[in-house]
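Novice: Submitted below is the structure of interest, expressed as structure tokens.
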Amino acid sequence: MHRQVAFENDTLKVEVQGQDISITSKTLPVVSVPKLNLAKKIVSGKTELGNLILTLDDGWTTTLSLEKGCPFLKVYLEIVNNTQEVAVYNHFDLLTLEANCGTALDNARVLGTGGLTPVAEAKGSYTFSVIADPETRHSVVCAYLTHERGIGIFFPKVSEDKALVNAKIDFGSLRVEPGKTRGTETLLIGLFDDGRLGLEAYAAAVAEKYNIRLRPRPNVYCTWYHAGASNETALAANTAFAAEHLKPFGLNVMQIDDKWQTLVPKGFQTSEKIKTTGPLKCFTDANEKYPNGMAYTAKNIASHGMIPGIWFMPWAGNLNNPYFDKEIYAQNLDGTPFHDAKWSGTCLDSTSPKGEAFIRQRINHIYDWGYRYFKIDGMHTGLATYNIYINTSYKENDYEEFGKVKLYDPQMTQVQAYRKCLKILQEEAPEALVLGCNVSQNMRSMGPAFGMIDAMRIGPDNNRASRGDWSHIGRGPWHGTNLYFLNGRVWYNDPDPIYVRNSIPLESARWMCSWLAISGAMHTSSEQYDKLPPERLDLLKRCLPGYDGASRPVDYLETNEPRIWLAGNDRMHLLGLFNWDSKRETNIKYDLGKLGLNKSLTYVGYDFWANEFVAPFSGTLEQTLPSGRCRVIAVKPVADHPVLVSTSRHITQGLMDVLEEKWDAASKKLRGKSKVVAGDLYELRIALPAGGNYRPASATLGGKEMKIGKVVDGGVRISITPEKSETVEWVIKF
């Protein structure tokens, strides 16, 4: 293609000259893709319905699309087989682009599923890759919108003092019959003033593509990390206690984990000694821990107004167990069952009629018991891939192994088989909220699950955090921060449980609870609640329910362990400050403007854990955090009248419980509306302007008198213990 072609929308301009494609921003000239080269030679091009369709060697086509209001260039490749033989593609390069984020190469950073690194140290990433200037946040964002046949991957690198990104697709085995055409995946490329907003726009594009409408956020109890599968009696007691003490705060799911199941169905006769790999893979009957059966326990949980939840592995079997029909398995190329001896077991084949029927029956059986929250483990078994736990960045050995699988239907790729598994799950359990568990076993299971599940375990097990092991305390928060932009848009991020039992130091428990509260990640805990001391149980109450508002890590593109989070609405903001080092203190000094606040204003605050007002500050946030500590500070601009700066209900200090706040200058009344919990002391923390001109004269909540404390440090506390859980108005007269 020799002639120059250019087209644009309201944000981007794309030019094609010969074999080179360039992308420039119409609003941010310092960020660009100076050169993009497709893997195959461009032969010709034409415009059609606003798209540029490029014909490549061998008749392949790449469509470049710019849509009004969309900040991304969409790149879509179709493969054409013009031969007389079946063409099979395991993987191929899609394109290579040069990314210019407006800074010197040594300053630039790469963000992917493996974390944040200098470009020269970048690792292969699944699903997305960002080249960013950490100082300005200017970024080139590359991400796969779809994963319907293959796995989108990126390999950033340095070449000739330039930051390059190689985009590839792994298919495993994509067959294209003679004379036929098959589509691949849609890649997005965007140029952004702030890479965080670019990733959030990417997640929004995925949500729009798959019409994602998330169910209400679950707040979950899990048996696993303190009791395995627990048992009928202990779970009933924990459910009754939770219904009384934690359900009013938002806990709504009681989930049973592994080890509830039998080795074989009851009544199934076998004289063989069955060798097992990992968990037992038969999910038909309860063992001795649940003598009345799983339906009985589900009914008991539901009777307390809670959602019954259960763990199982719908796409895994055991080739050594005679209960399983050999014809339901995916196969190795030699015809033997595809088996992962590490833990996951034998992978089922959803493209097989017998495999599909078995999967449907298995899911429907558990659904009929009454369970409406499914924790689906071994997600990667639906892909017929190996467990390479712990997996974050791309692993070359998996590149070699992926595709060495024979499915019953050779026209379907492993990704299509996986998405079929997820579709069956939706069809057989239409009202169940589904948590995938987990991408760390094999990151290939992440992108293809978009639009198919409600929540995803985005990190590995954190069991040692329950004993205070610092390396596990930050596990979930690290993974949840790295993939924060998916949370609440594509699914709910599950970082694994928080722990509050006495075996974890109090400050570490506060650290976990605070990160969970401000990040808005899914709330899960694993405790025998009635054994917790009241002050430890109270930690759970302060982060229930999960926060459902907007929040993001501030220094996300600057450090691999972001220390600052900002959440807020039009009434207030919340700062979460975290020291990831368990041995050394950290000093935080950050410009308020870059933080996301108004640099020209002075702010007043309240420190939740210190339980004290914060002196007014402006210009710069300066804090020193001791080792392994955190601070959660609610902030509002200083006003010439009293303002509500914090409440005691939740770590988010009014972001969730305060629905309205209004100052009436004429009557000198501060009015508001809050959601309160019966029997839970509710305290309003009011910041007063300097000068001493305002003193609270009276205060009521729902018409009942509140207790007014002393004016201390420029603020006053006003409290009451509500008799009912309700939304109620309060009025403070000054």
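Chains: A, B, ... in order of the structure tokens. Residues: from 1 per chain. Ligands: from 1, in order shown.
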Name all residues at most 12 Å from Asn287 of chain A (count only C-alpha atoms; drop same-chain ones fewer than 2 positions away) and give them as a list in words.

Specialist: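 Surrounding residues, per the criterion: Ala229, Ser230, Asn231, Glu232, Asp258, Lys259, Trp260, Gln261, Thr262, Leu263, Val264, Pro265, Lys266, Leu280, Cys282, Phe283, Thr284, Asp285, Lys289, Tyr290, Pro291, Asn292, Gly293 and Met294 of chain A.
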
Novice: Residues at most 12 Å from Phe92 of chain A, counting only C-alpha atoms, excluding those fewer than 2 positions away in the same chain, as a list in words?

Specialist: Leu38, Ala39, Lys40, Leu77, Ile79, Val88, Tyr89, Asn90, Leu94, Leu95, Thr96, Gly150, Ile151, Gly152, Ile153, Phe154, Asn166, Ala167, Lys168, Ile169, Asp170, Phe171, Gly172, Ser173, Leu174, Thr184 and Tyr399 of chain A

Novice: How far is it from atom CA of Phe312 of chain A to atom CA of Met379 of chain A, in Å with one decimal?

Specialist: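 Atom CA of Met379 of chain A lies 10.4 Å from atom CA of Phe312 of chain A.
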
Novice: Do you have the atom CA of Ser303 of chain A-atom CA of Pro722 of chain A distance handy?

Specialist: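 These two atoms are separated by 25.9 Å.
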
Novice: Report, in Å to a single decimal, how far apart atom CA of Arg467 of chain A and atom CA of Asn502 of chain A are.

Specialist: 8.6 Å

Novice: Can you pull out every residue within 8 Å of Leu655 of chain A, counting only C-alpha atoms, but drop anything in the same chain fewer than 2 positions away, and send it as a compact mmCIF listing (two decimals) with all heavy atoms, in the first residue's frame?

Specialist:
# COMPACT_ATOMS: atom_id res chain seq x y z
N GLY A 549 -18.41 2.88 45.93
CA GLY A 549 -18.19 4.14 45.24
C GLY A 549 -16.90 4.15 44.45
O GLY A 549 -16.22 3.13 44.30
N GLY A 568 -13.99 9.13 47.01
CA GLY A 568 -14.78 10.32 47.32
C GLY A 568 -16.03 10.47 46.52
O GLY A 568 -16.31 9.70 45.60
N ASN A 569 -16.80 11.46 46.89
CA ASN A 569 -18.00 11.85 46.16
C ASN A 569 -18.08 13.37 46.18
O ASN A 569 -17.10 14.04 46.53
CB ASN A 569 -19.25 11.18 46.74
CG ASN A 569 -19.43 11.45 48.23
OD1 ASN A 569 -18.97 12.46 48.76
ND2 ASN A 569 -20.11 10.55 48.92
N MET A 572 -17.40 14.65 50.09
CA MET A 572 -16.17 14.48 50.86
C MET A 572 -15.18 13.60 50.11
O MET A 572 -15.51 12.99 49.09
CB MET A 572 -16.48 13.84 52.22
CG MET A 572 -17.05 12.43 52.10
SD MET A 572 -17.23 11.59 53.69
CE MET A 572 -15.52 11.27 54.11
N HIS A 573 -13.96 13.54 50.63
CA HIS A 573 -12.94 12.64 50.11
C HIS A 573 -12.32 11.83 51.25
O HIS A 573 -12.37 12.24 52.42
CB HIS A 573 -11.85 13.41 49.37
CG HIS A 573 -12.27 13.89 48.02
ND1 HIS A 573 -12.84 15.14 47.83
CD2 HIS A 573 -12.22 13.31 46.80
CE1 HIS A 573 -13.12 15.30 46.55
NE2 HIS A 573 -12.76 14.21 45.90
N THR A 652 -14.95 4.09 55.83
CA THR A 652 -15.07 5.16 54.82
C THR A 652 -15.67 6.44 55.38
O THR A 652 -15.83 7.43 54.65
CB THR A 652 -15.89 4.68 53.61
OG1 THR A 652 -17.17 4.21 54.06
CG2 THR A 652 -15.17 3.58 52.87
N GLN A 653 -16.06 6.45 56.65
CA GLN A 653 -16.35 7.67 57.42
C GLN A 653 -17.41 8.59 56.85
O GLN A 653 -17.27 9.82 56.88
CB GLN A 653 -15.05 8.46 57.62
CG GLN A 653 -13.98 7.68 58.35
CD GLN A 653 -12.80 8.54 58.72
OE1 GLN A 653 -12.91 9.40 59.58
NE2 GLN A 653 -11.66 8.30 58.11
N ASP A 657 -22.60 5.85 54.54
CA ASP A 657 -23.77 5.95 55.41
C ASP A 657 -24.46 7.31 55.34
O ASP A 657 -25.66 7.41 55.61
CB ASP A 657 -23.40 5.63 56.86
CG ASP A 657 -22.22 6.45 57.36
OD1 ASP A 657 -21.11 6.21 56.87
OD2 ASP A 657 -22.40 7.32 58.24
N VAL A 658 -23.73 8.38 54.99
CA VAL A 658 -24.34 9.72 54.94
C VAL A 658 -24.89 9.97 53.54
O VAL A 658 -24.15 9.98 52.56
CB VAL A 658 -23.32 10.81 55.32
CG1 VAL A 658 -23.98 12.19 55.24
CG2 VAL A 658 -22.79 10.57 56.73

Novice: Using only C-alpha atoms, which of A:Phe402, A:Tyr682, A:Tyr394, A:Trp311 sits nearest Cys437 of chain A?

Specialist: A:Trp311

Novice: Kindly assemble as CSV a list of the segment 676-722 of chain A residues that lie within 10 Å of segment 597-612 of chain A, each paired with its nearest atom pair and their distance in Å to one decimal, using only C-alpha atoms, sorted first by chain and then by ascending residue number.

Specialist:
residue,atom,partner,partner_atom,distance
A:Arg685,CA,A:Tyr606,CA,8.0
A:Ile686,CA,A:Tyr606,CA,9.6
A:Ala687,CA,A:Val604,CA,7.4
A:Leu688,CA,A:Val604,CA,9.6
A:Pro689,CA,A:Val604,CA,9.8
A:Val712,CA,A:Glu612,CA,9.1
A:Asp713,CA,A:Glu612,CA,8.3
A:Gly714,CA,A:Val604,CA,9.4
A:Gly715,CA,A:Glu612,CA,9.2

Novice: Run DSSP on the backbone and give me the residues of segment 130-279 of chain A it puts in strand (DSSP E or B), as a count of residues only.

Specialist: 54

Novice: Give me, as number ranges by chain, the residues of segment 265-437 of chain A that a backbone DSSP run labels helix (DSSP H, G or I).

Specialist: A: 294-303, 326-328, 353-369, 379-383, 396-401, 414-428

Novice: Identify, on the basis of only C-alpha atoms, every residue whose closest approach to Gln416 of chain A does not exceed 7 Å; exclude the query and any residue fewer than 3 positions from it along the same chain; express the result as a list in words.

Specialist: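 So the residues in contact are Glu148, Arg149, Met412, Thr413, Arg419 and Lys420 of chain A.
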
Novice: List the spatial neighbours of Thr24 of chain A as a ChimeraX atom specification - criterion: any atom at most 12 Å away, only C-alpha atoms, same-chain residues fewer than 2 positions off excluded.

Specialist: /A:6-16,21-22,26-36,71-73,98-101,140,189-192

Novice: Between A:Val415, A:Ala205, A:Leu422, A:Val632, which has the minimum distance to Ser514 of chain A (counting only C-alpha atoms)?

Specialist: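 Going through A:Val415, A:Ala205, A:Leu422, A:Val632 one by one, the smallest distance to Ser514 of chain A is for A:Val632.
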
Novice: Let me make sure I understand: among A:Pro553, A:Gly546, A:Gly654, A:Gly59, which one has the smallest atom-to-atom distance to Asp570 of chain A if we use only C-alpha atoms?

Specialist: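 For Asp570 of chain A, the nearest of the candidates is A:Gly654.
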
Novice: Mind checking which residues fall within 9 Å of Ile388 of chain A, counting only C-alpha atoms, ignoring those fewer than 5 positions away in the same chain, and posting them as a PyMOL selection string?

Specialist: chain A and resi 342+395+398+440-443

Novice: Can you tell me, as a ChimeraX atom specification, what residues are no more than 10 Å from Asp133 of chain A when counting only C-alpha atoms, ignoring any on the same chain fewer than 2 positions away?

Specialist: /A:31,100-110,130-131,135-140,193-195,557-558

Novice: Write out the residues from the selection above, keeping N, CA, C and O atoms, as a short mmCIF file (atom, residue, chain, number, x, y, z; two decimals), in the first residue's frame.

Specialist:
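What landed in selection-v7.cif:
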data_model
loop_
_atom_site.label_atom_id
_atom_site.label_comp_id
_atom_site.auth_asym_id
_atom_site.auth_seq_id
_atom_site.Cartn_x
_atom_site.Cartn_y
_atom_site.Cartn_z
N VAL A 31 1.96 12.49 23.64
CA VAL A 31 1.76 11.04 23.70
C VAL A 31 1.35 10.55 22.31
O VAL A 31 0.46 11.13 21.69
N ASN A 100 5.25 6.17 22.71
CA ASN A 100 5.88 7.39 23.18
C ASN A 100 4.97 8.04 24.21
O ASN A 100 3.89 8.55 23.87
N CYS A 101 5.37 8.02 25.48
CA CYS A 101 4.54 8.61 26.54
C CYS A 101 5.05 9.97 26.97
O CYS A 101 4.64 10.50 28.01
N GLY A 102 5.97 10.54 26.20
CA GLY A 102 6.40 11.91 26.47
C GLY A 102 7.51 12.07 27.46
O GLY A 102 7.72 13.17 27.98
N THR A 103 8.25 10.98 27.75
CA THR A 103 9.38 11.08 28.67
C THR A 103 10.53 10.25 28.14
O THR A 103 10.34 9.42 27.23
N ALA A 104 11.72 10.45 28.69
CA ALA A 104 12.87 9.66 28.30
C ALA A 104 12.63 8.19 28.63
O ALA A 104 11.94 7.86 29.60
N LEU A 105 13.21 7.32 27.81
CA LEU A 105 12.99 5.89 27.97
C LEU A 105 13.33 5.40 29.38
O LEU A 105 12.62 4.57 29.95
N ASP A 106 14.42 5.93 29.95
CA ASP A 106 14.83 5.49 31.29
C ASP A 106 13.80 5.86 32.35
O ASP A 106 13.75 5.23 33.42
N ASN A 107 12.99 6.88 32.09
CA ASN A 107 11.98 7.29 33.07
C ASN A 107 10.67 6.51 32.92
O ASN A 107 9.87 6.45 33.86
N ALA A 108 10.43 5.98 31.74
CA ALA A 108 9.15 5.33 31.45
C ALA A 108 8.99 4.03 32.25
O ALA A 108 9.97 3.39 32.64
N ARG A 109 7.75 3.67 32.48
CA ARG A 109 7.43 2.43 33.18
C ARG A 109 6.41 1.63 32.38
O ARG A 109 5.61 2.19 31.61
N VAL A 110 6.45 0.32 32.59
CA VAL A 110 5.49 -0.59 31.97
C VAL A 110 4.64 -1.20 33.06
O VAL A 110 5.16 -1.69 34.07
N VAL A 130 0.54 -1.15 29.66
CA VAL A 130 0.55 0.30 29.67
C VAL A 130 2.00 0.79 29.69
O VAL A 130 2.80 0.33 30.52
N ILE A 131 2.34 1.69 28.78
CA ILE A 131 3.63 2.40 28.83
C ILE A 131 3.33 3.79 29.36
O ILE A 131 2.53 4.52 28.77
N GLU A 135 5.64 10.45 36.21
CA GLU A 135 5.54 11.80 36.74
C GLU A 135 4.25 12.48 36.28
O GLU A 135 3.52 13.08 37.07
N THR A 136 3.96 12.40 34.98
CA THR A 136 2.77 13.07 34.42
C THR A 136 1.56 12.16 34.30
O THR A 136 0.45 12.63 34.13
N ARG A 137 1.79 10.84 34.35
CA ARG A 137 0.80 9.79 34.12
C ARG A 137 0.40 9.67 32.65
O ARG A 137 -0.52 8.92 32.32
N HIS A 138 1.03 10.42 31.74
CA HIS A 138 0.76 10.27 30.32
C HIS A 138 1.08 8.83 29.90
O HIS A 138 2.14 8.30 30.24
N SER A 139 0.17 8.22 29.13
CA SER A 139 0.29 6.79 28.89
C SER A 139 -0.23 6.37 27.53
O SER A 139 -1.17 6.97 26.99
N VAL A 140 0.39 5.31 27.02
CA VAL A 140 -0.15 4.55 25.89
C VAL A 140 -0.73 3.26 26.47
O VAL A 140 -0.01 2.50 27.12
N ASP A 193 -4.01 11.10 28.94
CA ASP A 193 -3.38 12.04 29.86
C ASP A 193 -3.06 11.36 31.18
O ASP A 193 -2.08 11.69 31.84
N ASP A 194 -3.87 10.40 31.57
CA ASP A 194 -3.70 9.67 32.82
C ASP A 194 -3.98 8.19 32.53
O ASP A 194 -5.10 7.82 32.19
N GLY A 195 -2.96 7.36 32.65
CA GLY A 195 -3.11 5.94 32.33
C GLY A 195 -4.14 5.24 33.18
O GLY A 195 -4.74 4.24 32.75
N LEU A 557 1.09 4.47 39.02
CA LEU A 557 2.07 4.39 37.93
C LEU A 557 3.48 4.79 38.38
O LEU A 557 4.38 4.93 37.56
N GLU A 558 3.64 4.97 39.70
CA GLU A 558 4.92 5.41 40.24
C GLU A 558 5.65 4.33 41.02
O GLU A 558 6.88 4.34 41.11
#
